[in-house]
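Have a look at upload_27.txt below; it lists compact mmCIF, C-alpha atoms and all ligand atoms.
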```txt
# COMPACT_ATOMS: atom_id res chain seq x y z
CA MET A 87 86.73 109.98 105.94
CA LEU A 88 84.83 107.42 103.82
CA ASP A 89 83.14 110.08 101.66
CA GLY A 90 83.74 109.52 97.96
CA LYS A 91 85.88 106.42 98.60
CA ARG A 92 85.52 103.24 96.57
CA ILE A 93 85.29 100.52 99.24
CA TRP A 94 85.46 96.86 98.24
CA VAL A 95 83.65 94.45 100.55
CA ALA A 96 85.30 91.13 99.70
CA GLY A 97 82.83 88.39 100.62
CA HIS A 98 79.64 90.47 100.32
CA ARG A 99 77.33 87.43 100.09
CA GLY A 100 78.23 86.12 103.55
CA MET A 101 76.70 87.06 106.89
CA VAL A 102 79.44 89.57 107.72
CA GLY A 103 79.88 90.94 104.20
CA SER A 104 76.15 91.51 103.67
CA ALA A 105 75.91 93.31 107.04
CA LEU A 106 78.85 95.48 105.99
CA VAL A 107 77.15 96.40 102.72
CA ARG A 108 73.99 97.38 104.68
CA ARG A 109 76.03 99.50 107.11
CA LEU A 110 78.28 101.13 104.51
CA SER A 111 75.24 102.16 102.45
CA GLN A 112 74.67 104.82 105.20
CA GLU A 113 78.06 106.36 104.39
CA GLY A 114 78.96 108.58 101.46
CA CYS A 115 81.11 105.92 99.81
CA THR A 116 80.78 103.74 96.71
CA ILE A 117 80.53 100.05 97.63
CA LEU A 118 82.24 97.60 95.29
CA THR A 119 81.34 93.90 95.24
CA VAL A 120 82.10 91.00 92.92
CA ASP A 121 80.50 87.57 92.60
CA ARG A 122 82.46 84.33 92.67
CA GLN A 123 81.64 83.53 89.01
CA GLU A 124 83.43 86.73 88.01
CA CYS A 125 86.30 86.54 90.48
CA ASP A 126 87.19 83.48 92.57
CA LEU A 127 89.08 84.99 95.50
CA ALA A 128 91.16 81.84 95.97
CA GLU A 129 92.60 82.28 92.45
CA GLN A 130 95.47 84.75 92.38
CA ASP A 131 95.25 85.70 88.69
CA GLN A 132 91.52 86.41 88.95
CA VAL A 133 91.97 88.56 92.08
CA ARG A 134 94.81 90.51 90.47
CA ARG A 135 92.85 91.10 87.28
CA TRP A 136 89.71 92.27 89.10
CA MET A 137 91.49 94.50 91.62
CA HIS A 138 93.70 96.14 88.97
CA ALA A 139 90.60 96.82 86.83
CA ASN A 140 88.42 98.13 89.69
CA LYS A 141 90.99 99.98 91.83
CA PRO A 142 89.31 100.14 95.26
CA ASP A 143 90.55 102.90 97.61
CA MET A 144 89.79 100.72 100.62
CA VAL A 145 89.27 96.98 101.13
CA ILE A 146 87.50 95.02 103.86
CA ILE A 147 88.32 91.30 103.82
CA ALA A 148 85.10 89.64 105.00
CA ALA A 149 85.62 86.71 102.62
CA ALA A 150 86.60 83.52 104.39
CA LYS A 151 85.85 79.83 104.67
CA VAL A 152 84.03 79.71 108.03
CA GLY A 153 82.08 77.16 110.03
CA GLY A 154 81.31 75.75 113.43
CA ILE A 155 83.34 73.44 115.61
CA LEU A 156 82.62 70.23 113.66
CA ALA A 157 83.25 71.72 110.21
CA ASN A 158 86.56 73.10 111.49
CA MET A 159 87.57 69.64 112.68
CA ASN A 160 86.39 67.78 109.55
CA TYR A 161 87.82 70.07 106.85
CA PRO A 162 91.27 71.24 108.03
CA VAL A 163 92.60 71.78 104.49
CA ASP A 164 89.65 73.94 103.49
CA PHE A 165 89.85 76.01 106.65
CA MET A 166 93.58 76.52 106.42
CA TYR A 167 94.40 76.62 102.71
CA SER A 168 91.31 78.46 101.37
CA ASN A 169 91.69 81.20 103.96
CA LEU A 170 95.42 81.57 103.34
CA ALA A 171 94.85 81.77 99.59
CA ILE A 172 92.01 84.31 99.80
CA GLN A 173 93.75 86.65 102.22
CA ASN A 174 97.20 86.39 100.57
CA ASN A 175 95.75 87.17 97.14
CA ILE A 176 93.84 90.21 98.35
CA ILE A 177 96.49 91.64 100.71
CA THR A 178 99.39 91.35 98.24
CA THR A 179 97.36 92.88 95.40
CA ALA A 180 96.14 95.67 97.69
CA HIS A 181 99.79 96.62 98.10
CA ASP A 182 100.43 96.44 94.33
CA ILE A 183 97.57 98.82 93.54
CA ASP A 184 98.23 101.25 96.45
CA VAL A 185 95.06 100.61 98.45
CA GLN A 186 94.81 103.43 101.03
CA LYS A 187 93.44 101.30 103.82
CA LEU A 188 92.75 97.59 104.22
CA LEU A 189 90.88 95.93 107.07
CA PHE A 190 91.46 92.21 107.63
CA LEU A 191 88.83 90.40 109.72
CA GLY A 192 89.69 87.33 111.77
CA SER A 193 88.22 85.55 114.76
CA SER A 194 88.61 85.10 118.51
CA CYS A 195 89.96 81.58 117.90
CA ILE A 196 93.39 83.11 117.15
CA TYR A 197 94.09 83.22 120.88
CA PRO A 198 95.80 80.48 122.94
CA ARG A 199 93.38 78.01 124.54
CA GLN A 200 94.60 78.87 128.03
CA SER A 201 94.57 82.64 127.64
CA VAL A 202 93.86 84.77 130.69
CA GLN A 203 90.23 85.96 130.40
CA PRO A 204 89.02 88.42 129.23
CA ILE A 205 91.55 87.94 126.43
CA GLU A 206 93.57 91.01 125.60
CA GLU A 207 95.03 91.59 122.14
CA SER A 208 98.55 91.09 123.54
CA SER A 209 97.77 87.39 124.28
CA LEU A 210 98.32 86.52 120.62
CA LEU A 211 100.99 83.81 120.15
CA THR A 212 101.66 83.37 123.86
CA GLY A 213 100.65 79.67 124.00
CA PRO A 214 99.23 76.61 122.19
CA LEU A 215 95.96 76.98 120.24
CA GLU A 216 92.63 75.20 120.75
CA PRO A 217 92.98 72.00 118.64
CA THR A 218 89.36 72.02 117.33
CA ASN A 219 90.05 75.13 115.27
CA GLU A 220 93.77 75.54 114.99
CA TRP A 221 93.87 75.23 111.17
CA TYR A 222 91.55 78.20 110.82
CA ALA A 223 93.34 80.06 113.62
CA ILE A 224 96.76 79.64 111.99
CA ALA A 225 95.44 81.03 108.69
CA LYS A 226 93.95 84.04 110.50
CA ILE A 227 97.13 84.64 112.51
CA ALA A 228 99.10 84.56 109.24
CA GLY A 229 96.71 87.22 107.87
CA ILE A 230 97.29 89.52 110.84
CA ARG A 231 101.04 89.07 110.51
CA LEU A 232 101.02 89.68 106.74
CA CYS A 233 99.16 92.96 107.26
CA GLN A 234 101.72 93.91 109.91
CA ALA A 235 104.57 92.95 107.59
CA TYR A 236 103.20 95.37 104.98
CA MET A 237 102.86 98.06 107.65
CA GLN A 238 106.42 97.52 108.80
CA GLN A 239 108.14 97.12 105.44
CA TYR A 240 106.10 99.54 103.31
CA GLY A 241 104.22 101.77 105.77
CA ARG A 242 100.87 100.43 104.54
CA ARG A 243 97.65 101.08 106.51
CA PHE A 244 96.65 97.40 106.60
CA VAL A 245 94.93 96.83 109.96
CA SER A 246 93.23 93.78 111.50
CA ALA A 247 90.15 93.37 113.68
CA MET A 248 89.11 90.17 115.48
CA PRO A 249 85.37 89.71 116.06
CA THR A 250 83.97 87.34 118.65
CA ASN A 251 81.38 84.61 117.77
CA LEU A 252 78.88 86.33 115.46
CA TYR A 253 75.25 85.58 114.58
CA GLY A 254 72.43 87.22 112.67
CA PRO A 255 70.65 87.30 109.29
CA HIS A 256 72.30 85.42 106.39
CA ASP A 257 74.02 83.01 108.79
CA ASN A 258 74.55 79.38 107.78
CA PHE A 259 71.76 77.28 109.36
CA ASP A 260 73.06 73.89 108.16
CA LEU A 261 73.19 71.68 111.26
CA ALA A 262 76.40 69.88 110.27
CA SER A 263 78.51 72.93 109.47
CA SER A 264 76.96 75.90 111.30
CA HIS A 265 77.99 77.74 114.43
CA VAL A 266 76.04 77.17 117.60
CA ILE A 267 73.39 79.92 117.45
CA PRO A 268 71.95 79.13 114.01
CA ALA A 269 72.01 75.42 114.96
CA LEU A 270 70.11 76.09 118.20
CA ILE A 271 67.53 78.24 116.37
CA ARG A 272 66.90 75.53 113.79
CA LYS A 273 66.76 72.73 116.37
CA ALA A 274 64.39 74.66 118.63
CA HIS A 275 62.16 75.56 115.70
CA ARG A 276 62.02 71.95 114.45
CA ALA A 277 61.26 70.61 117.94
CA LYS A 278 58.49 73.18 118.39
CA ILE A 279 56.87 72.34 115.04
CA ALA A 280 57.12 68.60 115.81
CA GLY A 281 55.50 69.18 119.24
CA GLU A 282 58.56 67.81 121.03
CA ASP A 283 59.61 68.49 124.59
CA GLY A 284 63.05 70.19 124.77
CA MET A 285 65.92 69.71 122.31
CA GLU A 286 69.37 68.22 121.90
CA ILE A 287 72.58 70.24 122.14
CA TRP A 288 76.17 69.18 121.49
CA GLY A 289 78.54 68.63 124.38
CA THR A 290 78.11 69.42 128.07
CA GLY A 291 76.59 72.89 127.63
CA LYS A 292 79.22 74.20 130.05
CA PRO A 293 81.58 76.06 127.67
CA LEU A 294 81.19 79.82 127.74
CA ARG A 295 80.81 81.91 124.60
CA GLU A 296 80.61 85.61 123.83
CA PHE A 297 78.19 86.57 121.06
CA LEU A 298 77.79 89.70 118.97
CA HIS A 299 75.02 90.50 116.49
CA VAL A 300 76.46 90.95 113.00
CA ASP A 301 74.92 94.44 112.64
CA ASP A 302 76.86 95.54 115.73
CA MET A 303 79.92 93.92 114.20
CA ALA A 304 79.41 95.84 110.93
CA ASP A 305 79.01 99.08 112.87
CA ALA A 306 82.22 98.37 114.81
CA THR A 307 84.03 97.53 111.58
CA VAL A 308 83.11 100.89 110.03
CA PHE A 309 84.21 102.56 113.29
CA VAL A 310 87.57 100.75 113.09
CA LEU A 311 87.94 101.66 109.42
CA LYS A 312 87.48 105.33 110.31
CA ASN A 313 89.34 105.51 113.63
CA TYR A 314 91.94 102.77 114.02
CA GLU A 315 95.45 102.67 112.55
CA ASP A 316 97.56 100.81 115.13
CA PHE A 317 100.03 98.04 114.33
CA GLU A 318 98.33 95.65 116.75
CA HIS A 319 94.98 94.08 115.80
CA ILE A 320 91.85 95.10 117.77
CA ASN A 321 89.12 92.91 119.35
CA ILE A 322 85.45 93.43 118.43
CA GLY A 323 83.18 91.92 121.07
CA SER A 324 80.23 92.44 123.36
CA GLY A 325 82.30 92.18 126.54
CA SER A 326 80.20 89.47 128.24
CA ASP A 327 79.65 85.75 127.86
CA LEU A 328 77.24 83.01 128.93
CA SER A 329 77.22 79.22 128.89
CA ILE A 330 76.04 77.22 125.90
CA ALA A 331 73.23 75.78 128.08
CA GLU A 332 72.11 79.32 129.00
CA THR A 333 72.30 80.30 125.35
CA ALA A 334 70.18 77.28 124.38
CA ARG A 335 67.54 78.13 127.01
CA LEU A 336 67.39 81.71 125.75
CA VAL A 337 66.93 80.47 122.18
CA MET A 338 64.13 78.15 123.40
CA GLU A 339 62.39 81.11 125.06
CA VAL A 340 62.67 83.23 121.92
CA VAL A 341 61.43 80.41 119.67
CA GLY A 342 58.72 79.33 122.14
CA LEU A 343 59.89 75.80 122.92
CA LYS A 344 59.39 74.31 126.39
CA GLY A 345 61.21 71.40 128.01
CA GLU A 346 64.70 70.27 128.96
CA LEU A 347 68.05 70.14 127.16
CA ARG A 348 69.45 66.74 126.19
CA HIS A 349 73.22 66.45 125.72
CA ASP A 350 75.00 64.67 122.86
CA LEU A 351 78.26 64.00 124.69
CA ALA A 352 79.87 62.41 121.61
CA LYS A 353 80.19 65.95 120.23
CA PRO A 354 83.10 68.22 121.24
CA ASP A 355 82.90 71.12 123.69
CA GLY A 356 85.89 72.94 122.16
CA MET A 357 87.52 75.82 123.97
CA PHE A 358 86.13 76.24 127.49
CA ARG A 359 86.03 80.01 127.44
CA LYS A 360 87.00 82.74 124.95
CA LEU A 361 85.74 86.04 126.26
CA MET A 362 87.69 88.81 124.60
CA SER A 363 88.58 92.04 126.32
CA ALA A 364 86.52 94.82 124.74
CA ASP A 365 88.52 97.55 126.50
CA LYS A 366 90.56 98.79 123.57
CA LEU A 367 87.55 99.42 121.33
CA ARG A 368 85.45 100.84 124.20
CA ALA A 369 88.24 103.24 125.16
CA ARG A 370 88.02 104.62 121.62
CA GLY A 371 84.28 105.16 121.95
CA TRP A 372 82.46 102.17 120.42
CA GLU A 373 79.75 100.16 122.25
CA PRO A 374 77.42 97.40 121.02
CA LYS A 375 73.72 98.30 120.82
CA ILE A 376 71.87 95.01 120.26
CA SER A 377 71.13 92.79 123.29
CA LEU A 378 71.43 89.02 122.82
CA ARG A 379 67.69 88.53 123.40
CA ASP A 380 66.70 91.15 120.81
CA GLY A 381 69.32 89.90 118.37
CA LEU A 382 68.07 86.32 118.70
CA ALA A 383 64.47 87.46 118.19
CA THR A 384 65.24 89.30 114.93
CA THR A 385 67.47 86.46 113.75
CA TYR A 386 64.64 83.96 114.40
CA ARG A 387 62.29 86.17 112.38
CA TRP A 388 64.82 86.22 109.54
CA PHE A 389 65.12 82.43 109.76
CA LEU A 390 61.30 82.06 109.57
CA GLU A 391 61.11 84.27 106.50
CA ASN A 392 64.12 82.88 104.65
CA VAL A 393 65.10 79.39 105.79
CA ALA A 394 62.50 77.68 108.00
CA ASP A 395 61.72 74.04 107.27
O1 LIG A 401 79.78 77.85 117.51
P1 LIG A 401 80.56 76.60 117.60
O2 LIG A 401 80.32 75.58 116.53
O3 LIG A 401 82.11 76.88 117.57
O4 LIG A 401 80.26 75.87 118.99
P2 LIG A 401 83.25 77.40 118.58
C1 LIG A 401 80.26 76.56 120.21
C2 LIG A 401 79.86 75.63 121.34
O5 LIG A 401 78.48 75.28 121.19
C3 LIG A 401 80.62 74.29 121.42
C4 LIG A 401 78.30 73.89 121.38
O6 LIG A 401 80.87 73.99 122.77
C5 LIG A 401 79.62 73.30 120.84
O7 LIG A 401 79.78 71.98 121.31
N1 LIG A 401 77.09 73.44 120.68
C6 LIG A 401 75.99 72.93 121.29
C7 LIG A 401 76.88 73.42 119.36
N2 LIG A 401 75.09 72.54 120.38
C8 LIG A 401 75.61 72.84 119.16
C9 LIG A 401 75.14 72.65 117.83
O8 LIG A 401 74.05 72.14 117.58
N3 LIG A 401 75.95 73.10 116.82
C10 LIG A 401 77.17 73.69 117.07
N4 LIG A 401 77.90 74.11 116.03
N5 LIG A 401 77.65 73.82 118.33
C11 LIG A 401 84.22 78.20 116.36
C12 LIG A 401 85.48 77.87 115.61
O9 LIG A 401 84.41 77.62 117.59
O10 LIG A 401 84.04 79.57 116.57
C13 LIG A 401 85.70 78.75 114.45
O11 LIG A 401 85.41 76.50 115.23
C14 LIG A 401 85.41 80.19 114.76
O12 LIG A 401 87.01 78.58 114.04
C15 LIG A 401 84.11 80.38 115.46
O13 LIG A 401 86.46 80.74 115.54
C16 LIG A 401 83.84 81.81 115.83
O14 LIG A 401 82.85 78.67 119.26
O15 LIG A 401 83.67 76.30 119.52
```

Here is a file; write its structure as structure tokens.
Ligand code: GFB
Amino acid sequence: MLDGKRIWVAGHRGMVGSALVRRLSQEGCTILTVDRQECDLAEQDQVRRWMHANKPDMVIIAAAKVGGILANMNYPVDFMYSNLAIQNNIITTAHDIDVQKLLFLGSSCIYPRQSVQPIEESSLLTGPLEPTNEWYAIAKIAGIRLCQAYMQQYGRRFVSAMPTNLYGPHDNFDLASSHVIPALIRKAHRAKIAGEDGMEIWGTGKPLREFLHVDDMADATVFVLKNYEDFEHINIGSGSDLSIAETARLVMEVVGLKGELRHDLAKPDGMFRKLMSADKLRARGWEPKISLRDGLATTYRWFLENVAD
């Protein structure tokens, strides 16, 4: 189905976009990418000009302003407005140029904070959001709805997929703005090099999170692109979760750091649990392949080769 297609990966420099480029290179398609200097995705005229000139057959929107819990809380305008601008520009132009299929990627934070777990797709908009990331969540929900509006009004094949918390190569390892796994890898590595005993984590360590390696995510995305056309968005997850403290201890094992966890209780815990139901994707025949331990080990190797300080 992808053979001979021109597929634009919007956001190819990011963790998700670069994994998608790696995965799509195994298909018989032509991968299109564009750098920010040539086309700033938040600028409507630039997006229109580039998309009209390059005419992709399919589009995957992996471009987004993303970050961990603290960045989400500190930069609400960036997380809401930049994401709205990027997705609106791409989705509306995709309609103008008759894109055959568009896949919009979001996040598990779209779901209400008190959702029944595991969270099924139908939980969307059934209750209040988690305040630590509601700006980002509202932008992503608007993206899902805009795709659905194009499906309903014009019969477009603009579908949405919601991945769980992702990690892997090309992640952001900046301690102030990153998600938890890259932060834990960097902290464990620094503590080990400094000969320290244990390391500090944010919050109580009790919240539960579901993690998926970005290469599994890219594989699932290609599967969705080929096999999924429904009006409703679809979850992409691993189907199991663990506590932040357990995650931190696993990272310490992988990095080779001994000792205890210390808790910075001035930092937020965020949503207590957000395990997504993986049933819909599994029923269609997709399963993750990379265990958390193996994924952490290869991500640590990537960190050592590309980031370590
Ligand atoms: O990954 P994370 O930043 O975001 O944090 P969310 C997950 C959990 O890990 C929180 C704890 O309970 C944090 O308090 N944690 C412990 C740490 N130590 C650290 C640390 O050193 N750094 C970080 N960052 N966390 C994000 C949303 O929520 O998830 C986004 O803000 C997005 O919008 C993303 O949806 C997938 O999982 O809480």

Test item: residues no farther than 7 Å from ligand LIG 401 (chain A), counting all atoms listed in the file, as an mmCIF file with C-alpha atoms, in the coordinates of the input:
```
data_model
loop_
_atom_site.group_PDB
_atom_site.id
_atom_site.type_symbol
_atom_site.label_atom_id
_atom_site.label_comp_id
_atom_site.auth_asym_id
_atom_site.auth_seq_id
_atom_site.Cartn_x
_atom_site.Cartn_y
_atom_site.Cartn_z
ATOM 1 C CA VAL A 152 84.030 79.710 108.030
ATOM 2 C CA GLY A 153 82.080 77.160 110.030
ATOM 3 C CA GLY A 154 81.310 75.750 113.430
ATOM 4 C CA ILE A 155 83.340 73.440 115.610
ATOM 5 C CA LEU A 156 82.620 70.230 113.660
ATOM 6 C CA ASN A 158 86.560 73.100 111.490
ATOM 7 C CA SER A 193 88.220 85.550 114.760
ATOM 8 C CA SER A 194 88.610 85.100 118.510
ATOM 9 C CA CYS A 195 89.960 81.580 117.900
ATOM 10 C CA THR A 218 89.360 72.020 117.330
ATOM 11 C CA ASN A 219 90.050 75.130 115.270
ATOM 12 C CA TYR A 222 91.550 78.200 110.820
ATOM 13 C CA ALA A 223 93.340 80.060 113.620
ATOM 14 C CA THR A 250 83.970 87.340 118.650
ATOM 15 C CA ASN A 251 81.380 84.610 117.770
ATOM 16 C CA LEU A 252 78.880 86.330 115.460
ATOM 17 C CA LEU A 261 73.190 71.680 111.260
ATOM 18 C CA SER A 263 78.510 72.930 109.470
ATOM 19 C CA SER A 264 76.960 75.900 111.300
ATOM 20 C CA HIS A 265 77.990 77.740 114.430
ATOM 21 C CA VAL A 266 76.040 77.170 117.600
ATOM 22 C CA ILE A 267 73.390 79.920 117.450
ATOM 23 C CA ALA A 269 72.010 75.420 114.960
ATOM 24 C CA LEU A 270 70.110 76.090 118.200
ATOM 25 C CA ILE A 287 72.580 70.240 122.140
ATOM 26 C CA TRP A 288 76.170 69.180 121.490
ATOM 27 C CA GLY A 289 78.540 68.630 124.380
ATOM 28 C CA GLY A 291 76.590 72.890 127.630
ATOM 29 C CA PRO A 293 81.580 76.060 127.670
ATOM 30 C CA ARG A 295 80.810 81.910 124.600
ATOM 31 C CA ILE A 330 76.040 77.220 125.900
ATOM 32 C CA LYS A 353 80.190 65.950 120.230
ATOM 33 C CA PRO A 354 83.100 68.220 121.240
ATOM 34 C CA ASP A 355 82.900 71.120 123.690
ATOM 35 C CA GLY A 356 85.890 72.940 122.160
ATOM 36 C CA MET A 357 87.520 75.820 123.970
#
```

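The interatomic distance for the pair atom CA of A:Pro214 and atom CA of A:Pro198 works out to 5.2 Å.
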
How close does each residue of stretch 256-301 of chain A get to stretch 377-386 of chain A, giving the shortest atom pair and distance in Å to one decimal for every residue with an atom at most 12 Å away, counting all atoms listed in the file, sorted by chain and residue number, as CSV?
```
residue,atom,partner,partner_atom,distance
A:His256,CA,A:Thr385,CA,8.9
A:Asp257,CA,A:Thr385,CA,8.9
A:Asn258,CA,A:Thr385,CA,11.7
A:Phe259,CA,A:Tyr386,CA,11.0
A:Ile267,CA,A:Leu382,CA,8.4
A:Pro268,CA,A:Thr385,CA,8.6
A:Ala269,CA,A:Tyr386,CA,11.3
A:Leu270,CA,A:Tyr386,CA,10.3
A:Ile271,CA,A:Tyr386,CA,6.7
A:Arg272,CA,A:Tyr386,CA,8.7
A:Lys273,CA,A:Tyr386,CA,11.6
A:Ala274,CA,A:Tyr386,CA,10.2
A:His275,CA,A:Tyr386,CA,8.9
A:Arg295,CA,A:Leu378,CA,11.9
A:Glu296,CA,A:Leu378,CA,9.8
A:Phe297,CA,A:Leu378,CA,7.4
A:Leu298,CA,A:Leu378,CA,7.5
A:His299,CA,A:Gly381,CA,6.0
A:Val300,CA,A:Gly381,CA,9.0
A:Asp301,CA,A:Gly381,CA,9.2
```

| message | Considering all atoms listed in the file, can you say which of A:Ala394, A:Ile177, A:Ala149, A:Ile320 comes closest to A:Thr307? | response | A:Ile320

| field | Which of A:Val341, A:Ile117, A:Ile224, A:Leu311 sits closest to A:Lys278 [using only C-alpha atoms] | value |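 Once distances to A:Lys278 are computed over only C-alpha atoms, the minimum belongs to A:Val341.
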
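Computed from the coordinates, the atom CA of A:Arg276 to atom CA of A:Lys292 distance equals 23.3 Å.
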
| field | Separation of atom CA of A:Val163 from atom CA of A:Arg243 in Å | value |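 Taking atom CA of A:Arg243 and atom CA of A:Val163, their separation equals 29.8 Å.
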
| task | Choose the residue, out of A:Asn175, A:Leu361, A:Glu315, A:Leu211, that has the smallest atom-to-atom separation from A:Pro249; count all atoms listed in the file. | result |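 Result for the nearest residue to A:Pro249: A:Leu361.
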
| request: Using only C-alpha atoms, pick whichever of A:Asp327, A:Asp121, A:Glu346, A:Glu318 has the shortest atom-to-atom distance to A:Phe244. | output: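 Ranked by minimum distance to A:Phe244, first place goes to A:Glu318.
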